[in-house]
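**Student:** To be precise about what I am sending: the file is called final.txt and holds compact mmCIF, C-alpha atoms.
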```
# COMPACT_ATOMS: atom_id res chain seq x y z
CA MET B 525 -49.67 1.28 14.82
CA ASP B 526 -48.70 2.90 11.52
CA LEU B 527 -46.53 0.52 9.51
CA THR B 528 -46.72 2.33 6.18
CA HIS B 529 -42.92 2.35 6.09
CA ARG B 530 -41.52 -1.18 6.11
CA PRO B 531 -37.86 -1.21 5.01
CA ARG B 532 -37.89 -5.01 5.29
CA ARG B 533 -39.91 -5.19 2.09
CA LEU B 534 -36.68 -4.56 0.16
CA ARG B 535 -34.64 -7.10 2.14
CA GLN B 536 -36.34 -10.15 0.69
CA ASP B 537 -34.13 -12.48 -1.30
CA ARG B 538 -35.45 -11.78 -4.82
CA VAL B 539 -35.21 -7.99 -4.51
CA ARG B 540 -32.27 -7.62 -2.12
CA GLY B 541 -29.67 -7.74 -4.89
CA LEU B 542 -31.57 -5.33 -7.10
CA VAL B 543 -31.44 -2.56 -4.49
CA SER B 544 -27.93 -3.28 -3.20
CA GLU B 545 -26.05 0.02 -3.09
CA THR B 546 -22.46 -1.25 -3.23
CA SER B 547 -20.88 -4.00 -5.29
CA LEU B 548 -17.49 -5.64 -4.99
CA GLU B 549 -15.81 -7.07 -8.09
CA PRO B 550 -12.47 -8.81 -8.72
CA ALA B 551 -11.48 -5.84 -10.91
CA ASP B 552 -11.66 -3.61 -7.82
CA LEU B 553 -8.82 -5.52 -6.14
CA ILE B 554 -5.03 -5.35 -6.30
CA ALA B 555 -2.98 -8.29 -5.05
CA PRO B 556 0.39 -7.72 -3.34
CA VAL B 557 3.23 -9.95 -4.56
CA PHE B 558 6.54 -10.31 -2.70
CA VAL B 559 9.56 -11.12 -4.86
CA ASP B 560 12.70 -12.17 -2.99
CA ALA B 561 16.14 -11.99 -4.60
CA THR B 562 17.72 -13.91 -1.70
CA THR B 563 15.91 -17.22 -2.19
CA ASP B 564 15.62 -19.95 -4.82
CA GLU B 565 12.32 -21.32 -3.51
CA ARG B 566 9.01 -20.07 -2.25
CA ARG B 567 8.98 -19.17 1.42
CA PRO B 568 5.74 -18.96 3.42
CA ILE B 569 5.25 -15.77 5.42
CA GLU B 570 4.51 -16.97 8.93
CA THR B 571 2.62 -13.88 10.06
CA MET B 572 0.51 -13.77 6.89
CA PRO B 573 -0.99 -17.23 6.34
CA GLY B 574 -1.55 -18.05 2.69
CA HIS B 575 1.15 -15.68 1.44
CA GLU B 576 4.76 -16.30 0.55
CA ARG B 577 7.88 -14.74 -0.84
CA VAL B 578 8.73 -16.01 -4.29
CA PRO B 579 12.09 -16.04 -6.08
CA ILE B 580 12.46 -14.02 -9.26
CA ASP B 581 12.18 -17.22 -11.33
CA GLU B 582 8.73 -17.83 -9.78
CA ALA B 583 7.41 -14.27 -10.19
CA VAL B 584 5.57 -14.96 -13.45
CA ALA B 585 3.99 -18.14 -12.11
CA ARG B 586 2.89 -16.33 -8.96
CA VAL B 587 1.22 -13.55 -10.96
CA GLU B 588 -0.49 -16.09 -13.21
CA GLU B 589 -2.02 -17.62 -10.07
CA VAL B 590 -3.41 -14.20 -9.19
CA LEU B 591 -4.84 -13.68 -12.68
CA GLU B 592 -6.65 -17.02 -12.56
CA THR B 593 -8.87 -15.68 -9.74
CA GLY B 594 -10.05 -12.73 -11.82
CA VAL B 595 -7.82 -10.11 -10.19
CA GLU B 596 -6.20 -8.06 -12.94
CA ALA B 597 -3.60 -5.96 -11.05
CA VAL B 598 -0.65 -6.73 -8.80
CA MET B 599 1.57 -4.60 -6.60
CA LEU B 600 5.21 -5.72 -6.55
CA PHE B 601 7.32 -5.50 -3.40
CA GLY B 602 10.98 -6.51 -3.52
CA ILE B 603 13.45 -8.02 -1.08
CA PRO B 604 16.91 -7.19 -2.50
CA GLU B 605 20.00 -9.36 -2.51
CA SER B 606 21.87 -6.80 -0.38
CA LYS B 607 21.22 -3.58 1.54
CA ASP B 608 23.23 -0.44 2.30
CA PRO B 609 22.62 2.91 4.06
CA GLU B 610 21.43 4.59 0.85
CA GLY B 611 19.30 1.72 -0.48
CA THR B 612 21.08 1.74 -3.83
CA ARG B 613 19.72 -1.66 -4.93
CA ALA B 614 16.30 0.00 -5.15
CA TRP B 615 17.18 1.65 -8.47
CA ALA B 616 19.64 -0.92 -9.84
CA PRO B 617 18.80 -1.94 -13.43
CA ASP B 618 19.13 -5.59 -12.34
CA GLY B 619 17.23 -5.04 -9.09
CA VAL B 620 14.60 -7.49 -7.88
CA VAL B 621 11.54 -5.41 -8.78
CA GLN B 622 13.03 -4.31 -12.10
CA GLU B 623 13.77 -7.88 -13.17
CA ALA B 624 10.41 -9.20 -11.94
CA THR B 625 8.60 -6.38 -13.75
CA ARG B 626 10.33 -7.14 -17.03
CA ARG B 627 9.36 -10.79 -16.85
CA ILE B 628 5.79 -10.26 -15.68
CA THR B 629 4.96 -7.60 -18.27
CA ALA B 630 6.53 -9.70 -21.04
CA GLU B 631 4.74 -12.93 -20.16
CA THR B 632 1.39 -11.95 -18.63
CA ASP B 633 -1.46 -9.49 -19.09
CA ALA B 634 -1.28 -8.30 -15.48
CA TYR B 635 -1.40 -4.60 -14.74
CA VAL B 636 1.83 -4.10 -12.81
CA ILE B 637 2.08 -1.48 -10.07
CA THR B 638 5.41 -1.11 -8.30
CA ASP B 639 6.00 0.03 -4.74
CA VAL B 640 8.50 2.89 -4.70
CA CYS B 641 10.12 3.20 -1.30
CA LEU B 642 13.46 2.57 0.36
CA CYS B 643 12.65 0.81 3.64
CA GLU B 644 13.19 -2.67 2.14
CA TYR B 645 16.52 -1.59 0.65
CA THR B 646 18.26 0.39 3.41
CA ASP B 647 20.19 -1.49 6.06
CA HIS B 648 18.56 0.68 8.74
CA GLY B 649 15.01 0.05 7.51
CA HIS B 650 13.97 3.68 7.17
CA CYS B 651 12.45 5.21 4.04
CA GLY B 652 15.47 7.17 2.87
CA PRO B 653 19.04 8.20 3.71
CA LEU B 654 19.50 9.48 7.23
CA GLU B 655 20.56 12.80 8.66
CA GLU B 656 20.97 14.14 12.18
CA GLU B 657 18.55 16.64 13.58
CA LEU B 658 18.73 18.45 16.91
CA ARG B 659 15.87 17.96 19.30
CA GLY B 660 15.28 19.15 22.82
CA GLU B 661 12.41 20.37 24.94
CA ASP B 662 14.29 23.11 26.79
CA VAL B 663 16.05 25.62 24.54
CA THR B 664 16.36 28.38 27.17
CA GLU B 665 19.72 29.55 28.43
CA GLY B 666 21.00 27.06 30.96
CA GLY B 667 18.55 24.37 29.84
CA PRO B 668 19.68 20.88 28.86
CA ALA B 669 21.57 20.66 25.58
CA CYS B 670 19.75 19.36 22.53
CA GLU B 671 20.64 15.79 21.67
CA PRO B 672 21.17 14.70 18.08
CA THR B 673 18.79 12.11 16.69
CA LEU B 674 18.50 10.48 13.29
CA THR B 675 15.69 11.05 10.84
CA VAL B 676 15.22 10.65 7.10
CA ASP B 677 16.82 13.32 4.95
CA ASN B 678 13.70 14.29 3.03
CA ASP B 679 15.29 16.06 0.06
CA ALA B 680 17.98 13.44 -0.43
CA ALA B 681 15.23 10.81 -0.43
CA LEU B 682 13.47 12.66 -3.26
CA GLU B 683 16.50 12.18 -5.50
CA SER B 684 16.43 8.46 -4.74
CA LEU B 685 12.69 8.17 -5.38
CA ASP B 686 13.16 9.85 -8.77
CA ARG B 687 15.78 7.25 -9.71
CA ILE B 688 13.68 4.31 -8.44
CA ALA B 689 10.55 5.42 -10.29
CA VAL B 690 12.40 5.91 -13.57
CA SER B 691 14.09 2.51 -13.25
CA HIS B 692 10.70 0.85 -12.67
CA ALA B 693 9.17 2.62 -15.67
CA GLU B 694 12.12 1.58 -17.83
CA ALA B 695 11.48 -2.02 -16.75
CA GLY B 696 7.86 -1.74 -17.90
CA ALA B 697 5.84 -0.82 -14.81
CA ASP B 698 2.32 0.28 -15.64
CA MET B 699 1.91 2.47 -12.53
CA ILE B 700 4.26 3.84 -9.87
CA ALA B 701 3.21 3.86 -6.21
CA PRO B 702 5.42 5.92 -3.86
CA SER B 703 4.79 5.05 -0.21
CA GLY B 704 7.46 6.87 1.79
CA MET B 705 5.47 9.97 2.84
CA MET B 706 8.29 12.30 1.88
CA ASP B 707 7.32 15.94 1.32
CA GLY B 708 7.35 16.63 -2.42
CA MET B 709 7.66 12.98 -3.47
CA VAL B 710 4.93 13.10 -6.12
CA ALA B 711 6.41 16.20 -7.74
CA ALA B 712 9.90 14.66 -7.80
CA ILE B 713 8.66 11.43 -9.33
CA ARG B 714 6.42 13.17 -11.86
CA GLU B 715 9.32 15.35 -12.95
CA GLY B 716 11.60 12.34 -13.30
CA LEU B 717 9.11 10.27 -15.26
CA ASP B 718 8.27 13.14 -17.60
CA ARG B 719 11.95 13.99 -18.10
CA GLU B 720 12.68 10.44 -19.26
CA GLY B 721 9.69 10.16 -21.58
CA PHE B 722 7.27 8.34 -19.29
CA GLU B 723 4.51 10.93 -19.27
CA HIS B 724 1.98 8.13 -19.75
CA VAL B 725 2.89 6.33 -16.51
CA PRO B 726 0.45 7.26 -13.70
CA ILE B 727 1.31 7.74 -10.03
CA MET B 728 -0.72 6.19 -7.23
CA SER B 729 0.46 8.13 -4.21
CA TYR B 730 0.17 6.83 -0.68
CA ALA B 731 -1.24 10.27 0.00
CA ALA B 732 -2.44 9.66 3.56
CA LYS B 733 -0.25 7.02 5.17
CA TYR B 734 -0.49 6.78 8.91
CA GLU B 735 2.14 5.67 11.44
CA SER B 736 0.18 2.57 12.34
CA ALA B 737 0.51 -0.47 14.57
CA PHE B 738 -1.18 -2.54 11.85
CA TYR B 739 1.96 -2.84 9.69
CA GLY B 740 3.80 -5.48 11.75
CA PRO B 741 3.33 -8.57 9.56
CA PHE B 742 4.32 -6.68 6.39
CA ARG B 743 7.58 -5.59 7.94
CA ASP B 744 8.38 -9.25 8.57
CA ALA B 745 7.33 -10.17 5.05
CA ALA B 746 9.45 -7.52 3.35
CA ASP B 747 12.34 -7.28 5.83
CA GLY B 748 11.46 -3.60 6.21
CA ALA B 749 11.29 -3.07 9.95
CA PRO B 750 13.27 -0.06 11.23
CA ALA B 751 16.54 -1.06 12.90
CA PHE B 752 15.94 1.70 15.46
CA GLY B 753 13.22 4.14 16.39
CA ASP B 754 10.01 4.40 14.41
CA ARG B 755 8.55 6.35 11.49
CA ARG B 756 6.75 9.05 13.42
CA HIS B 757 8.89 11.74 11.77
CA TYR B 758 7.38 11.13 8.35
CA GLN B 759 4.21 9.03 8.64
CA MET B 760 1.01 10.69 9.83
CA ASP B 761 -0.35 10.88 13.37
CA PRO B 762 -3.37 8.52 13.67
CA ALA B 763 -5.16 11.29 15.58
CA ASN B 764 -5.22 13.64 12.57
CA ALA B 765 -7.92 13.89 9.92
CA ARG B 766 -7.63 17.50 8.73
CA GLU B 767 -3.93 16.98 8.10
CA ALA B 768 -4.81 14.15 5.73
CA MET B 769 -6.77 16.55 3.55
CA ARG B 770 -3.76 18.86 3.41
CA GLU B 771 -1.42 16.00 2.50
CA VAL B 772 -3.75 14.73 -0.20
CA ARG B 773 -4.34 18.18 -1.66
CA LEU B 774 -0.58 18.67 -1.98
CA ASP B 775 -0.22 15.38 -3.84
CA VAL B 776 -3.05 16.35 -6.18
CA GLU B 777 -1.34 19.66 -6.91
CA GLN B 778 1.90 17.79 -7.65
CA GLY B 779 0.27 15.47 -10.18
CA ALA B 780 -0.93 12.35 -8.36
CA ASP B 781 -3.35 10.31 -10.47
CA VAL B 782 -4.70 7.97 -7.76
CA LEU B 783 -4.91 8.74 -4.02
CA MET B 784 -4.16 6.01 -1.47
CA VAL B 785 -5.20 5.80 2.19
CA LYS B 786 -3.23 3.40 4.38
CA PRO B 787 -4.37 1.54 6.48
CA ALA B 788 -7.97 1.06 5.39
CA LEU B 789 -10.37 -0.20 8.07
CA PRO B 790 -9.25 2.08 10.95
CA TYR B 791 -9.35 5.05 8.56
CA LEU B 792 -12.61 4.66 6.67
CA ASP B 793 -13.50 8.21 7.68
CA ILE B 794 -10.46 9.40 5.72
CA VAL B 795 -11.46 7.31 2.71
CA ALA B 796 -14.93 8.86 2.84
CA ASP B 797 -13.50 12.37 3.19
CA LEU B 798 -11.31 11.88 0.13
CA ARG B 799 -14.24 10.60 -1.87
CA ARG B 800 -16.23 13.74 -1.02
CA GLU B 801 -13.41 16.23 -1.57
CA PHE B 802 -11.60 14.94 -4.67
CA ASP B 803 -12.55 13.66 -8.10
CA HIS B 804 -9.52 11.40 -8.36
CA PRO B 805 -9.78 7.62 -8.01
CA VAL B 806 -9.35 6.65 -4.36
CA ALA B 807 -7.45 3.55 -3.28
CA ALA B 808 -7.24 1.98 0.17
CA TYR B 809 -4.67 -0.46 1.51
CA ASN B 810 -6.21 -3.24 3.59
CA VAL B 811 -2.91 -3.85 5.36
CA SER B 812 -1.18 -6.91 6.76
CA GLY B 813 -2.37 -6.41 10.33
CA GLU B 814 -5.98 -6.18 9.20
CA TYR B 815 -5.47 -9.43 7.29
CA ALA B 816 -3.60 -11.21 10.08
CA MET B 817 -6.13 -10.47 12.82
CA LEU B 818 -8.97 -11.98 10.79
CA GLN B 819 -6.83 -15.00 9.96
CA ALA B 820 -6.00 -15.47 13.65
CA ALA B 821 -9.64 -15.18 14.71
CA SER B 822 -10.61 -17.68 12.04
CA GLU B 823 -7.96 -20.14 13.19
CA LYS B 824 -9.50 -19.92 16.66
CA GLY B 825 -12.89 -20.70 15.18
CA TRP B 826 -14.27 -17.32 16.26
CA LEU B 827 -15.05 -15.90 12.81
CA ASP B 828 -16.05 -17.15 9.36
CA LEU B 829 -13.01 -16.02 7.36
CA GLU B 830 -14.68 -15.86 3.95
CA ALA B 831 -17.61 -13.86 5.33
CA VAL B 832 -15.58 -11.33 7.33
CA ALA B 833 -13.06 -10.86 4.51
CA HIS B 834 -15.84 -10.03 2.07
CA GLU B 835 -17.60 -7.76 4.57
CA SER B 836 -14.36 -5.91 5.33
CA LEU B 837 -13.62 -5.20 1.68
CA LEU B 838 -17.24 -4.27 1.03
CA SER B 839 -17.05 -1.70 3.83
CA ILE B 840 -13.94 -0.17 2.26
CA LYS B 841 -15.69 0.05 -1.09
CA ARG B 842 -18.80 1.52 0.54
CA ALA B 843 -16.71 4.20 2.23
CA GLY B 844 -15.63 5.40 -1.21
CA ALA B 845 -12.59 3.42 -2.36
CA ASP B 846 -12.45 2.63 -6.06
CA LEU B 847 -9.47 0.29 -5.67
CA ILE B 848 -8.50 -1.94 -2.75
CA LEU B 849 -5.00 -3.31 -2.24
CA THR B 850 -5.54 -6.38 -0.08
CA TYR B 851 -4.03 -9.73 0.91
CA PHE B 852 -7.53 -11.15 0.57
CA ALA B 853 -7.64 -10.29 -3.13
CA GLU B 854 -7.33 -13.80 -4.51
CA ASP B 855 -9.62 -15.52 -2.02
CA VAL B 856 -12.36 -12.91 -2.26
CA ALA B 857 -12.12 -12.70 -6.06
CA ALA B 858 -12.36 -16.48 -6.37
CA ALA B 859 -15.41 -16.53 -4.11
CA LEU B 860 -17.05 -13.71 -6.12
CA SER B 861 -16.48 -15.61 -9.35
CA ASN B 862 -18.16 -18.79 -8.08
```
As structure tokens - that is how I would like this structure written.

**Tutor:**
Amino acid sequence: MDLTHRPRRLRQDRVRGLVSETSLEPADLIAPVFVDATTDERRPIETMPGHERVPIDEAVARVEEVLETGVEAVMLFGIPESKDPEGTRAWAPDGVVQEATRRITAETDAYVITDVCLCEYTDHGHCGPLEEELRGEDVTEGGPACEPTLTVDNDAALESLDRIAVSHAEAGADMIAPSGMMDGMVAAIREGLDREGFEHVPIMSYAAKYESAFYGPFRDAADGAPAFGDRRHYQMDPANAREAMREVRLDVEQGADVLMVKPALPYLDIVADLRREFDHPVAAYNVSGEYAMLQAASEKGWLDLEAVAHESLLSIKRAGADLILTYFAEDVAAALSN
């Protein structure tokens, strides 16, 4: 038997770390923070154990808790005091994200990224103002008439995204992160930021965001579930990989600085494809459903939560992500620092 090649030689304890190919650091992680303008106290999020909505007055304290673990960046999501069909509170100067951003940037050293979308702000829960479109399978003479259905008015949404991004930059946001999957959203936001003198503010585009079943807990956390239908008209088909490259390439051409894939674990092939095809930093969103299923398995005693959380994030990093937005950020960072 020829055992010249023994890979186990490099798996021994004293050398294992020296030859490790991938490392995970607290600085790789971004922690989501939910700020709720409708409450005066912290409210646990039932479907996301360990997370909570915090009132605006608690936003700074919440971010300071994140910073203590070694995580340096947060992503702010807002629950507004009121909603309407256009989502106008999303760009209000005294809006929840705007006010939280002002306080956090004034009182902490956190790098503040703001989610730019409308689903939390519209009373119908979709990512922009609505319009009717005609749909029907049979368009031949004598066939059944097309029935009107509602979808997001893409170009009207771009105007809103411009206003939201500028309002966040005016409040002090360090980076803008549009997540609505509207055609042309990066170009509209880049134009708006540059027009108002915010050329220095980068854009992290949710460049490949899939219409996924893994978003459920987040929609409870942010009150962003659609009141009707789904988001198939604007989020990507989970079956498509080549389309992701087209979407990402368009965002790059429009000026995106960082490229996001969402969700992360079911789409590691997309993360790896982006890493091979583009020189831009790649981010991945380890979404609420990915977090919740590991929490549930741990509660059952089926999995070691700390171990599977670390392994999950390590796999995302190994696939090619430079940044990971994750609900495990604080726990994993604290464990890495010990």

**Student:** Can you work out the spacing between CA of Ala858 (chain B) and CA of Glu830 (chain B) in Å, to one decimal?

**Tutor:**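 The value is 10.6 Å.
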
**Student:** Figure out the distance between CA of Leu717 (chain B) and CA of Val690 (chain B), please, to one decimal in Å.

**Tutor:**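 Separating CA of Val690 (chain B) from CA of Leu717 (chain B) is a distance of 5.7 Å.
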
**Student:** Skipping near chain neighbours, those fewer than 3 positions away, what residues fall within 6 Å of Val620 (chain B) using all atoms listed in the file, listed as a ChimeraX atom specification?

**Tutor:** /B:561,602,604,623

**Student:** Could you write out the selected residues, including C-alpha atoms, as a PDB file, in the frame of the given file?

**Tutor:**
```pdb
ATOM      1  CA  ALA B 561      16.140 -11.990  -4.600  1.00  0.00           C
ATOM      2  CA  GLY B 602      10.980  -6.510  -3.520  1.00  0.00           C
ATOM      3  CA  PRO B 604      16.910  -7.190  -2.500  1.00  0.00           C
ATOM      4  CA  GLU B 623      13.770  -7.880 -13.170  1.00  0.00           C
TER       5      GLU B 623
END
```

**Student:** Would you kindly return, as a ChimeraX atom specification, each protein, DNA or RNA residue with an atom no farther than 12 Å from any atom of Asp761 (chain B), considering all atoms listed in the file and excluding same-chain residues fewer than 5 positions away?

**Tutor:** /B:732-737,755-756,766-768,791

**Student:** Got a sec: who's within 6 Å of Ala731 (chain B), counting all atoms listed in the file, leaving out chain neighbours fewer than 5 positions off, as a list of chain:residue names?

**Tutor:**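 Neighbouring residues, sequence-local ones excluded: B:Val772, B:Leu783, B:Met784.
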
**Student:** So, with only C-alpha atoms as the atoms that count, which of B:Pro617, B:Gly721, B:Pro702, B:Gly716 lies closest to Asp639 (chain B)?

**Tutor:**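 Of B:Pro617, B:Gly721, B:Pro702, B:Gly716, the one nearest Asp639 (chain B), counting only C-alpha atoms, is B:Pro702.
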
**Student:** Determine the nearest neighbour of Phe852 (chain B) from the options B:Glu835, B:Glu592, B:Glu565, B:Glu610, counting only C-alpha atoms.

**Tutor:**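 Checking each of B:Glu835, B:Glu592, B:Glu565, B:Glu610 against Phe852 (chain B), counting only C-alpha atoms, the winner is B:Glu835.
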
**Student:** Give me, please, the distance in Å between CA of Asp803 (chain B) and CA of Ala712 (chain B), quoted to one decimal.

**Tutor:**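 Rounded to one decimal, the two atoms are 22.5 Å apart.
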
**Student:** Nearest to Glu771 (chain B): which of B:Thr546, B:Thr562, B:Ser684, B:Gln759 is it, counting only C-alpha atoms?

**Tutor:**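 Residue with the minimum atom-to-atom distance to Glu771 (chain B): B:Gln759.
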
**Student:** Which residue gives the smallest distance to Tyr645 (chain B) among B:Arg613, B:Arg627, B:His575, B:Arg719, with all atoms listed in the file counted?

**Tutor:** B:Arg613

**Student:** Which one of B:Gly708, B:Pro531, B:Pro726, B:Gly574 sits closest to Arg773 (chain B) if you count only C-alpha atoms?

**Tutor:**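 With only C-alpha atoms as the atom set, the closest residue is B:Gly708.
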
**Student:** May I ask which of the residues B:Met525, B:Val590, B:Met760, B:Val595 is the closest one to Leu548 (chain B), counting only C-alpha atoms?

**Tutor:**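 Among B:Met525, B:Val590, B:Met760, B:Val595, it is B:Val595 that comes nearest to Leu548 (chain B).
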